[in-house]
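upload.cif (mmCIF, C-alpha atoms; chains and numbers go by the auth columns)
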data_model
loop_
_atom_site.group_PDB
_atom_site.id
_atom_site.type_symbol
_atom_site.label_atom_id
_atom_site.label_comp_id
_atom_site.label_asym_id
_atom_site.label_seq_id
_atom_site.Cartn_x
_atom_site.Cartn_y
_atom_site.Cartn_z
_atom_site.B_iso_or_equiv
_atom_site.auth_seq_id
_atom_site.auth_asym_id
ATOM 1 C CA MET A 1 -60.660 50.137 -146.862 0.00 51 A
ATOM 2 C CA GLY A 2 -62.652 48.104 -149.374 0.00 52 A
ATOM 3 C CA ASN A 3 -61.460 44.866 -147.808 0.00 53 A
ATOM 4 C CA LYS A 4 -62.537 46.039 -144.337 0.00 54 A
ATOM 5 C CA LEU A 5 -65.995 46.910 -145.646 0.00 55 A
ATOM 6 C CA LYS A 6 -66.248 43.503 -147.315 0.00 56 A
ATOM 7 C CA ILE A 7 -65.400 41.758 -144.041 0.00 57 A
ATOM 8 C CA LEU A 8 -68.040 43.820 -142.228 0.00 58 A
ATOM 9 C CA THR A 9 -70.862 43.360 -144.722 0.00 59 A
ATOM 10 C CA LYS A 10 -70.434 39.734 -145.792 0.00 60 A
ATOM 11 C CA GLY A 11 -72.170 38.409 -142.663 0.00 61 A
ATOM 12 C CA ILE A 12 -75.321 40.430 -143.291 0.00 62 A
ATOM 13 C CA ILE A 13 -76.399 38.811 -146.583 0.00 63 A
ATOM 14 C CA LYS A 14 -73.677 36.987 -148.556 0.00 64 A
ATOM 15 C CA GLU A 15 -72.562 34.789 -145.635 0.00 65 A
ATOM 16 C CA ASN A 16 -75.477 35.317 -143.268 0.00 66 A
ATOM 17 C CA PRO A 17 -74.804 32.835 -140.450 0.00 67 A
ATOM 18 C CA VAL A 18 -78.434 31.666 -140.241 0.00 68 A
ATOM 19 C CA LEU A 19 -79.926 31.992 -143.718 0.00 69 A
ATOM 20 C CA VAL A 20 -76.831 31.041 -145.752 0.00 70 A
ATOM 21 C CA LEU A 21 -74.450 29.105 -143.493 0.00 71 A
ATOM 22 C CA LEU A 22 -77.409 27.561 -141.619 0.00 72 A
ATOM 23 C CA LEU A 23 -75.790 27.913 -138.188 0.00 73 A
ATOM 24 C CA GLY A 24 -77.448 28.796 -134.890 0.00 74 A
ATOM 25 C CA THR A 25 -80.845 27.442 -135.927 0.00 75 A
ATOM 26 C CA CYS A 26 -81.746 26.244 -132.401 0.00 76 A
ATOM 27 C CA PRO A 27 -81.881 29.716 -130.769 0.00 77 A
ATOM 28 C CA THR A 28 -83.233 31.154 -134.036 0.00 78 A
ATOM 29 C CA LEU A 29 -86.316 28.945 -133.896 0.00 79 A
ATOM 30 C CA ALA A 30 -86.697 29.004 -130.119 0.00 80 A
ATOM 31 C CA VAL A 31 -86.568 32.698 -129.204 0.00 81 A
ATOM 32 C CA THR A 32 -88.215 34.345 -132.225 0.00 82 A
ATOM 33 C CA THR A 33 -91.773 34.181 -130.898 0.00 83 A
ATOM 34 C CA SER A 34 -91.504 37.952 -130.507 0.00 84 A
ATOM 35 C CA ALA A 35 -89.451 40.683 -132.148 0.00 85 A
ATOM 36 C CA ILE A 36 -88.015 41.949 -128.860 0.00 86 A
ATOM 37 C CA ASN A 37 -86.796 38.467 -127.910 0.00 87 A
ATOM 38 C CA GLY A 38 -85.193 37.976 -131.322 0.00 88 A
ATOM 39 C CA MET A 39 -83.482 41.355 -131.191 0.00 89 A
ATOM 40 C CA GLY A 40 -82.343 40.825 -127.605 0.00 90 A
ATOM 41 C CA MET A 41 -80.830 37.435 -128.409 0.00 91 A
ATOM 42 C CA GLY A 42 -79.163 38.851 -131.507 0.00 92 A
ATOM 43 C CA VAL A 43 -77.599 41.814 -129.703 0.00 93 A
ATOM 44 C CA ALA A 44 -76.371 39.584 -126.856 0.00 94 A
ATOM 45 C CA SER A 45 -74.753 37.214 -129.368 0.00 95 A
ATOM 46 C CA LEU A 46 -73.298 40.165 -131.302 0.00 96 A
ATOM 47 C CA ALA A 47 -71.582 41.486 -128.164 0.00 97 A
ATOM 48 C CA VAL A 48 -70.108 38.067 -127.409 0.00 98 A
ATOM 49 C CA LEU A 49 -69.022 37.590 -131.035 0.00 99 A
ATOM 50 C CA VAL A 50 -67.132 40.877 -131.208 0.00 100 A
ATOM 51 C CA CYS A 51 -65.455 40.495 -127.802 0.00 101 A
ATOM 52 C CA ALA A 52 -64.570 36.824 -128.284 0.00 102 A
ATOM 53 C CA ASN A 53 -63.156 37.416 -131.780 0.00 103 A
ATOM 54 C CA MET A 54 -60.969 40.260 -130.519 0.00 104 A
ATOM 55 C CA ALA A 55 -59.729 38.295 -127.502 0.00 105 A
ATOM 56 C CA ILE A 56 -58.956 35.170 -129.535 0.00 106 A
ATOM 57 C CA SER A 57 -57.174 37.214 -132.197 0.00 107 A
ATOM 58 C CA LEU A 58 -54.982 38.723 -129.467 0.00 108 A
ATOM 59 C CA LEU A 59 -54.269 35.328 -127.911 0.00 109 A
ATOM 60 C CA LYS A 60 -53.859 33.272 -131.112 0.00 110 A
ATOM 61 C CA ASN A 61 -50.062 33.127 -130.794 0.00 111 A
ATOM 62 C CA ILE A 62 -50.216 32.224 -127.105 0.00 112 A
ATOM 63 C CA ILE A 63 -52.877 29.501 -127.067 0.00 113 A
ATOM 64 C CA PRO A 64 -51.339 26.056 -127.744 0.00 114 A
ATOM 65 C CA ASP A 65 -52.726 24.576 -130.947 0.00 115 A
ATOM 66 C CA LYS A 66 -53.723 21.254 -129.373 0.00 116 A
ATOM 67 C CA VAL A 67 -55.981 22.878 -126.770 0.00 117 A
ATOM 68 C CA ARG A 68 -57.258 25.831 -128.752 0.00 118 A
ATOM 69 C CA ILE A 69 -60.913 24.680 -128.862 0.00 119 A
ATOM 70 C CA PRO A 70 -61.240 24.335 -125.043 0.00 120 A
ATOM 71 C CA CYS A 71 -59.478 27.693 -124.682 0.00 121 A
ATOM 72 C CA TYR A 72 -61.911 29.313 -127.118 0.00 122 A
ATOM 73 C CA ILE A 73 -64.832 27.944 -125.120 0.00 123 A
ATOM 74 C CA VAL A 74 -63.404 29.343 -121.881 0.00 124 A
ATOM 75 C CA VAL A 75 -62.959 32.786 -123.477 0.00 125 A
ATOM 76 C CA ILE A 76 -66.476 32.723 -124.944 0.00 126 A
ATOM 77 C CA ALA A 77 -67.959 31.530 -121.644 0.00 127 A
ATOM 78 C CA GLY A 78 -66.363 34.472 -119.841 0.00 128 A
ATOM 79 C CA PHE A 79 -67.992 37.012 -122.155 0.00 129 A
ATOM 80 C CA VAL A 80 -71.334 35.192 -122.052 0.00 130 A
ATOM 81 C CA THR A 81 -71.266 35.392 -118.242 0.00 131 A
ATOM 82 C CA VAL A 82 -70.668 39.146 -118.420 0.00 132 A
ATOM 83 C CA VAL A 83 -73.553 39.594 -120.882 0.00 133 A
ATOM 84 C CA GLN A 84 -75.863 37.477 -118.740 0.00 134 A
ATOM 85 C CA MET A 85 -75.037 39.455 -115.599 0.00 135 A
ATOM 86 C CA LEU A 86 -75.698 42.740 -117.438 0.00 136 A
ATOM 87 C CA LEU A 87 -79.060 41.447 -118.656 0.00 137 A
ATOM 88 C CA LYS A 88 -80.031 40.338 -115.163 0.00 138 A
ATOM 89 C CA ALA A 89 -79.076 43.744 -113.776 0.00 139 A
ATOM 90 C CA TYR A 90 -80.567 46.056 -116.414 0.00 140 A
ATOM 91 C CA LEU A 91 -83.052 44.002 -118.470 0.00 141 A
ATOM 92 C CA PRO A 92 -84.468 41.359 -116.108 0.00 142 A
ATOM 93 C CA ASP A 93 -87.650 40.841 -118.156 0.00 143 A
ATOM 94 C CA LEU A 94 -85.661 40.080 -121.300 0.00 144 A
ATOM 95 C CA ASP A 95 -83.337 37.819 -119.330 0.00 145 A
ATOM 96 C CA ALA A 96 -86.347 35.893 -118.010 0.00 146 A
ATOM 97 C CA SER A 97 -87.838 35.602 -121.522 0.00 147 A
ATOM 98 C CA LEU A 98 -84.637 34.285 -123.086 0.00 148 A
ATOM 99 C CA GLY A 99 -83.908 32.042 -120.117 0.00 149 A
ATOM 100 C CA LEU A 100 -81.511 29.189 -120.803 0.00 150 A
ATOM 101 C CA PHE A 101 -80.670 30.413 -124.297 0.00 151 A
ATOM 102 C CA ILE A 102 -78.382 33.151 -122.951 0.00 152 A
ATOM 103 C CA PRO A 103 -75.882 30.751 -121.283 0.00 153 A
ATOM 104 C CA LEU A 104 -76.222 28.470 -124.326 0.00 154 A
ATOM 105 C CA ILE A 105 -74.555 31.190 -126.420 0.00 155 A
ATOM 106 C CA VAL A 106 -71.347 29.512 -125.204 0.00 156 A
ATOM 107 C CA VAL A 107 -71.951 26.577 -127.538 0.00 157 A
ATOM 108 C CA ASN A 108 -73.445 28.559 -130.419 0.00 158 A
ATOM 109 C CA CYS A 109 -71.799 27.258 -133.603 0.00 159 A
ATOM 110 C CA ILE A 110 -71.614 30.757 -135.053 0.00 160 A
ATOM 111 C CA ILE A 111 -69.334 32.072 -132.308 0.00 161 A
ATOM 112 C CA LEU A 112 -67.064 29.042 -132.062 0.00 162 A
ATOM 113 C CA GLY A 113 -66.966 28.769 -135.852 0.00 163 A
ATOM 114 C CA ARG A 114 -65.841 32.387 -136.345 0.00 164 A
ATOM 115 C CA ALA A 115 -63.211 31.966 -133.645 0.00 165 A
ATOM 116 C CA GLU A 116 -61.762 28.933 -135.425 0.00 166 A
ATOM 117 C CA MET A 117 -62.205 30.034 -139.024 0.00 167 A
ATOM 118 C CA PHE A 118 -61.448 33.764 -138.810 0.00 168 A
ATOM 119 C CA ALA A 119 -60.247 35.236 -135.503 0.00 169 A
ATOM 120 C CA ASN A 120 -57.577 32.540 -135.170 0.00 170 A
ATOM 121 C CA LYS A 121 -55.981 33.673 -138.446 0.00 171 A
ATOM 122 C CA ASN A 122 -56.561 37.436 -138.682 0.00 172 A
ATOM 123 C CA SER A 123 -55.778 40.744 -136.984 0.00 173 A
ATOM 124 C CA ILE A 124 -57.784 42.153 -134.094 0.00 174 A
ATOM 125 C CA ILE A 125 -59.402 44.849 -136.265 0.00 175 A
ATOM 126 C CA ASP A 126 -60.481 42.398 -138.961 0.00 176 A
ATOM 127 C CA SER A 127 -61.711 39.971 -136.291 0.00 177 A
ATOM 128 C CA ALA A 128 -63.778 42.692 -134.646 0.00 178 A
ATOM 129 C CA LEU A 129 -65.309 43.644 -138.006 0.00 179 A
ATOM 130 C CA ASP A 130 -66.048 39.989 -138.782 0.00 180 A
ATOM 131 C CA GLY A 131 -67.765 39.549 -135.410 0.00 181 A
ATOM 132 C CA LEU A 132 -69.745 42.753 -135.898 0.00 182 A
ATOM 133 C CA GLY A 133 -70.872 41.764 -139.395 0.00 183 A
ATOM 134 C CA MET A 134 -71.862 38.227 -138.414 0.00 184 A
ATOM 135 C CA GLY A 135 -73.594 39.555 -135.302 0.00 185 A
ATOM 136 C CA LEU A 136 -75.562 42.096 -137.336 0.00 186 A
ATOM 137 C CA GLY A 137 -76.626 39.370 -139.764 0.00 187 A
ATOM 138 C CA PHE A 138 -77.723 37.155 -136.873 0.00 188 A
ATOM 139 C CA THR A 139 -79.577 40.014 -135.163 0.00 189 A
ATOM 140 C CA LEU A 140 -81.324 41.084 -138.363 0.00 190 A
ATOM 141 C CA THR A 141 -82.475 37.542 -139.095 0.00 191 A
ATOM 142 C CA LEU A 142 -83.827 36.947 -135.587 0.00 192 A
ATOM 143 C CA THR A 143 -85.586 40.323 -135.534 0.00 193 A
ATOM 144 C CA VAL A 144 -87.270 39.755 -138.913 0.00 194 A
ATOM 145 C CA MET A 145 -88.368 36.264 -137.891 0.00 195 A
ATOM 146 C CA GLY A 146 -89.674 37.622 -134.598 0.00 196 A
ATOM 147 C CA LEU A 147 -91.601 40.376 -136.367 0.00 197 A
ATOM 148 C CA ILE A 148 -93.282 37.930 -138.749 0.00 198 A
ATOM 149 C CA ARG A 149 -94.155 35.348 -136.094 0.00 199 A
ATOM 150 C CA GLU A 150 -95.360 37.938 -133.587 0.00 200 A
ATOM 151 C CA PHE A 151 -97.488 39.763 -136.178 0.00 201 A
ATOM 152 C CA PHE A 152 -99.282 36.662 -137.450 0.00 202 A
ATOM 153 C CA GLY A 153 -99.176 34.687 -134.204 0.00 203 A
ATOM 154 C CA SER A 154 -100.340 37.259 -131.677 0.00 204 A
ATOM 155 C CA GLY A 155 -101.356 40.334 -133.657 0.00 205 A
ATOM 156 C CA THR A 156 -98.700 42.569 -132.121 0.00 206 A
ATOM 157 C CA LEU A 157 -95.366 44.149 -133.014 0.00 207 A
ATOM 158 C CA PHE A 158 -92.933 44.825 -130.177 0.00 208 A
ATOM 159 C CA ASP A 159 -95.867 44.048 -127.821 0.00 209 A
ATOM 160 C CA LYS A 160 -98.053 46.755 -129.411 0.00 210 A
ATOM 161 C CA ALA A 161 -101.457 45.606 -130.720 0.00 211 A
ATOM 162 C CA ILE A 162 -101.737 45.881 -134.507 0.00 212 A
ATOM 163 C CA TYR A 163 -105.187 44.518 -135.349 0.00 213 A
ATOM 164 C CA GLY A 164 -108.278 44.360 -133.164 0.00 214 A
ATOM 165 C CA ALA A 165 -110.267 41.504 -131.679 0.00 215 A
ATOM 166 C CA SER A 166 -112.220 41.075 -134.921 0.00 216 A
ATOM 167 C CA ILE A 167 -109.230 39.231 -136.428 0.00 217 A
ATOM 168 C CA SER A 168 -108.016 36.084 -134.718 0.00 218 A
ATOM 169 C CA PRO A 169 -104.222 35.564 -134.713 0.00 219 A
ATOM 170 C CA MET A 170 -102.834 32.380 -136.259 0.00 220 A
ATOM 171 C CA THR A 171 -101.330 30.859 -133.140 0.00 221 A
ATOM 172 C CA ILE A 172 -99.471 28.226 -135.141 0.00 222 A
ATOM 173 C CA PHE A 173 -96.856 30.914 -135.864 0.00 223 A
ATOM 174 C CA MET A 174 -96.028 30.952 -132.141 0.00 224 A
ATOM 175 C CA LEU A 175 -95.389 27.209 -132.179 0.00 225 A
ATOM 176 C CA ALA A 176 -92.527 25.158 -133.605 0.00 226 A
ATOM 177 C CA PRO A 177 -94.203 24.450 -136.990 0.00 227 A
ATOM 178 C CA GLY A 178 -94.712 28.185 -137.535 0.00 228 A
ATOM 179 C CA GLY A 179 -91.074 28.842 -136.692 0.00 229 A
ATOM 180 C CA PHE A 180 -89.887 26.255 -139.211 0.00 230 A
ATOM 181 C CA PHE A 181 -92.256 27.661 -141.843 0.00 231 A
ATOM 182 C CA VAL A 182 -91.002 31.256 -141.457 0.00 232 A
ATOM 183 C CA PHE A 183 -87.390 30.054 -141.350 0.00 233 A
ATOM 184 C CA ALA A 184 -87.875 28.082 -144.567 0.00 234 A
ATOM 185 C CA ILE A 185 -89.492 31.055 -146.310 0.00 235 A
ATOM 186 C CA LEU A 186 -86.584 33.349 -145.383 0.00 236 A
ATOM 187 C CA VAL A 187 -83.950 30.817 -146.465 0.00 237 A
ATOM 188 C CA ALA A 188 -85.781 30.276 -149.767 0.00 238 A
ATOM 189 C CA SER A 189 -86.099 34.043 -150.295 0.00 239 A
ATOM 190 C CA VAL A 190 -82.366 34.623 -149.810 0.00 240 A
ATOM 191 C CA ASN A 191 -81.559 31.712 -152.098 0.00 241 A
ATOM 192 C CA LYS A 192 -83.954 33.012 -154.758 0.00 242 A
ATOM 193 C CA ALA A 193 -82.559 36.548 -154.521 0.00 243 A
ATOM 194 C CA SER A 194 -79.044 35.181 -155.098 0.00 244 A
ATOM 195 C CA ASN A 195 -80.160 33.001 -158.047 0.00 245 A
ATOM 196 C CA GLY A 196 -79.389 29.849 -156.106 0.00 246 A
ATOM 197 C CA LYS A 197 -75.841 30.871 -155.225 0.00 247 A
ATOM 198 C CA ALA A 198 -76.417 31.478 -151.511 0.00 248 A
ATOM 199 C CA ILE A 199 -77.178 27.925 -150.439 0.00 249 A
ATOM 200 C CA LYS A 200 -74.650 25.693 -152.102 0.00 250 A
ATOM 201 C CA LYS A 201 -74.244 21.970 -151.866 0.00 251 A
ATOM 202 C CA LYS A 202 -71.812 21.343 -149.045 0.00 252 A
ATOM 203 C CA ASP A 203 -69.512 18.427 -148.433 0.00 253 A
ATOM 204 C CA PHE A 204 -69.969 17.415 -144.815 0.00 254 A
ATOM 205 C CA GLY A 205 -67.043 15.002 -144.709 0.00 255 A
ATOM 206 C CA CYS A 206 -64.343 15.337 -142.064 0.00 256 A
ATOM 207 C CA GLY A 207 -61.882 16.681 -144.616 0.00 257 A
ATOM 208 C CA GLU A 208 -63.927 19.902 -144.950 0.00 258 A
ATOM 209 C CA CYS A 209 -64.622 20.375 -141.248 0.00 259 A
ATOM 210 C CA ALA A 210 -62.940 23.250 -139.390 0.00 260 A
ATOM 211 C CA MET A 211 -62.692 21.054 -136.298 0.00 261 A
ATOM 212 C CA ALA A 212 -61.093 18.097 -138.092 0.00 262 A
ATOM 213 C CA GLU A 213 -57.708 18.458 -136.412 0.00 263 A
ATOM 214 C CA ALA A 214 -59.255 18.936 -132.969 0.00 264 A
ATOM 215 C CA CYS A 215 -61.123 15.629 -133.122 0.00 265 A
ATOM 216 C CA GLY A 216 -58.226 13.694 -134.639 0.00 266 A
ATOM 217 C CA GLN A 217 -59.434 13.615 -138.254 0.00 267 A
ATOM 218 C CA LYS A 218 -57.284 14.623 -141.213 0.00 268 A
ATOM 219 C CA THR A 219 -58.085 17.709 -143.223 0.00 269 A
ATOM 220 C CA GLU A 220 -58.261 17.498 -147.027 0.00 270 A
ATOM 221 C CA GLU A 221 -54.812 19.099 -147.314 0.00 271 A
ATOM 222 C CA GLN A 222 -53.305 16.575 -144.892 0.00 272 A
ATOM 223 C CA GLU A 223 -54.937 13.684 -146.754 0.00 273 A
ATOM 224 C CA VAL A 224 -53.385 14.883 -150.055 0.00 274 A
ATOM 225 C CA LYS A 225 -49.931 15.107 -148.462 0.00 275 A
ATOM 226 C CA ALA A 226 -50.351 11.645 -146.959 0.00 276 A
#
As structure tokens, what does this structure read like?
Amino acid sequence: MGNKLKILTKGIIKENPVLVLLLGTCPTLAVTTSAINGMGMGVASLAVLVCANMAISLLKNIIPDKVRIPCYIVVIAGFVTVVQMLLKAYLPDLDASLGLFIPLIVVNCIILGRAEMFANKNSIIDSALDGLGMGLGFTLTLTVMGLIREFFGSGTLFDKAIYGASISPMTIFMLAPGGFFVFAILVASVNKASNGKAIKKKDFGCGECAMAEACGQKTEEQEVKA
């Protein structure tokens, strides 16, 4: 039970996909001009993460190893299409606000990364919990960023006015520089809270890459054996 809880909670803070692993920064910076957009994008990604992880865990012994990455993308694309159709049917305003970033969930590094690093090696229950935890971490981060940028950039929270016309909003928070500033503050805060343990120096060589075999590079273990 403790292990299941650890799998579920690690994506919220300890291995937060945005603030610790630094993945998915493109949609994070692009859609967080409002809290509702950030939350909507996070929930959509969460649904795809959970469903894709479960499907890939079920199919891991069927998918040929040499074509697993294209197969993962096809599975993810199928769930993204379902989510997009549901948004168009029931939340058309949110779908219009998020625009191209909904179909781009297909190539979100968080989803493909969890498929390769976790769902491909674990049971369906653990994979579902991993997807749920990572999705919650992603949703929480986008919502908090959206709240901060919307509050300072337009003087509203969830489209409700907070301060009157006597105070002028700082519109820079609605622009790219404001997004980078808020993102940097949140990353620094998480790193400070963990005493510098959250953001570690990473080796970006091919030997450490999860996709090394797919692109023809040798992993560190293969290089040692060679």
Gap from atom CA of Lys171 of chain A to atom CA of Cys76 of chain A - Å, one decimal: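 Between atom CA of Lys171 of chain A and atom CA of Cys76 of chain A the gap works out to 27.5 Å.
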Residues matched by the PyMOL selection byres ((chain A and resi 195) around 9), written as a list in words: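 Matching residues under the PyMOL selection byres ((chain A and resi 195) around 9) are Thr78, Leu79, Thr82, Thr83, Ser84, Ala85, Gly88, Leu190, Thr191, Leu192, Thr193, Val194, Gly196, Leu197, Ile198, Arg199, Glu200, Gly229, Val232, Phe233 and Leu236 of chain A.
With atom CA of Ala169 of chain A on one side and atom CA of Ser107 of chain A on the other, the separation reads 4.9 Å.
Atom pair atom CA of Leu186 of chain A / atom CA of Ser204 of chain A: separated by 25.9 Å.
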The PyMOL selection byres ((chain A and resi 98) around 10) applied to the shown file, residues as a PyMOL selection string: chain A and resi 92-97+99-104+125-133+155-156+161+181-182+185
Residues in the PyMOL selection byres ((chain A and resi 118-122) around 8), expressed as a list in words: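 So the PyMOL selection byres ((chain A and resi 118-122) around 8) ends up selecting Ile106, Ile113, Pro114, Asp115, Lys116, Val117, Ile123, Val124, Val125, Ile126, Leu162, Ala165, Glu166 and Ala264 of chain A.
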Among listed residues A:Phe230, A:Tyr140, A:Phe223, A:Phe151, nearest Phe202 of chain A (using all atoms listed in the file): A:Phe223
All residues 10 Å or closer to Lys56 of chain A, all atoms listed in the file, same chain fewer than 4 positions away omitted, as a PyMOL selection string: chain A and resi 51-52+60-61+64+179-180+183
Just the selected residues (C-alpha atoms), exported as an mmCIF file, in the frame of the given file, please.
data_model
loop_
_atom_site.group_PDB
_atom_site.id
_atom_site.type_symbol
_atom_site.label_atom_id
_atom_site.label_comp_id
_atom_site.auth_asym_id
_atom_site.auth_seq_id
_atom_site.Cartn_x
_atom_site.Cartn_y
_atom_site.Cartn_z
ATOM 1 C CA MET A 51 -60.660 50.137 -146.862
ATOM 2 C CA GLY A 52 -62.652 48.104 -149.374
ATOM 3 C CA LYS A 60 -70.434 39.734 -145.792
ATOM 4 C CA GLY A 61 -72.170 38.409 -142.663
ATOM 5 C CA LYS A 64 -73.677 36.987 -148.556
ATOM 6 C CA LEU A 179 -65.309 43.644 -138.006
ATOM 7 C CA ASP A 180 -66.048 39.989 -138.782
ATOM 8 C CA GLY A 183 -70.872 41.764 -139.395
#
Which of A:Val68, A:Val157, A:Leu148, A:Ile175 sits closest to Asn53 of chain A [using only C-alpha atoms]: A:Ile175
Just the residues within 7 Å of Gly187 of chain A, please, counting only C-alpha atoms, with nothing from its chain fewer than 5 positions along; format it as a PDB file with C-alpha atoms, in the coordinates of the input.
ATOM      1  CA  GLY A  61     -72.170  38.409-142.663  1.00  0.00           C
ATOM      2  CA  ILE A  62     -75.321  40.430-143.291  1.00  0.00           C
ATOM      3  CA  ILE A  63     -76.399  38.811-146.583  1.00  0.00           C
ATOM      4  CA  ASN A  66     -75.477  35.317-143.268  1.00  0.00           C
ATOM      5  CA  PRO A  67     -74.804  32.835-140.450  1.00  0.00           C
TER       6      PRO A  67
END
Test item: which residues lie within 12 Å of (-81.4, 29.8, -120.1) counting all atoms listed in the file, as a ChimeraX atom specification: /A:77,80-81,91,130-131,134,137-138,144-156
For the residues in that selection, give me C-alpha atoms as a short mmCIF file (atom, residue, chain, number, x, y, z; two decimals), keeping the file's coordinate frame.
data_model
loop_
_atom_site.label_atom_id
_atom_site.label_comp_id
_atom_site.auth_asym_id
_atom_site.auth_seq_id
_atom_site.Cartn_x
_atom_site.Cartn_y
_atom_site.Cartn_z
CA PRO A 77 -81.88 29.72 -130.77
CA ALA A 80 -86.70 29.00 -130.12
CA VAL A 81 -86.57 32.70 -129.20
CA MET A 91 -80.83 37.44 -128.41
CA VAL A 130 -71.33 35.19 -122.05
CA THR A 131 -71.27 35.39 -118.24
CA GLN A 134 -75.86 37.48 -118.74
CA LEU A 137 -79.06 41.45 -118.66
CA LYS A 138 -80.03 40.34 -115.16
CA LEU A 144 -85.66 40.08 -121.30
CA ASP A 145 -83.34 37.82 -119.33
CA ALA A 146 -86.35 35.89 -118.01
CA SER A 147 -87.84 35.60 -121.52
CA LEU A 148 -84.64 34.28 -123.09
CA GLY A 149 -83.91 32.04 -120.12
CA LEU A 150 -81.51 29.19 -120.80
CA PHE A 151 -80.67 30.41 -124.30
CA ILE A 152 -78.38 33.15 -122.95
CA PRO A 153 -75.88 30.75 -121.28
CA LEU A 154 -76.22 28.47 -124.33
CA ILE A 155 -74.56 31.19 -126.42
CA VAL A 156 -71.35 29.51 -125.20
#
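Minimum atom-to-atom distances from A:Leu109, A:Glu65, A:Thr59, A:Gly203 to Ile174 of chain A were compared using all atoms listed in the file, and the lowest value belongs to A:Leu109.
For the residues A:Ala139, A:Asn241, A:Lys110, A:Ile160, ranking by smallest atom-to-atom distance to Ser173 of chain A using all atoms listed in the file places A:Lys110 first.
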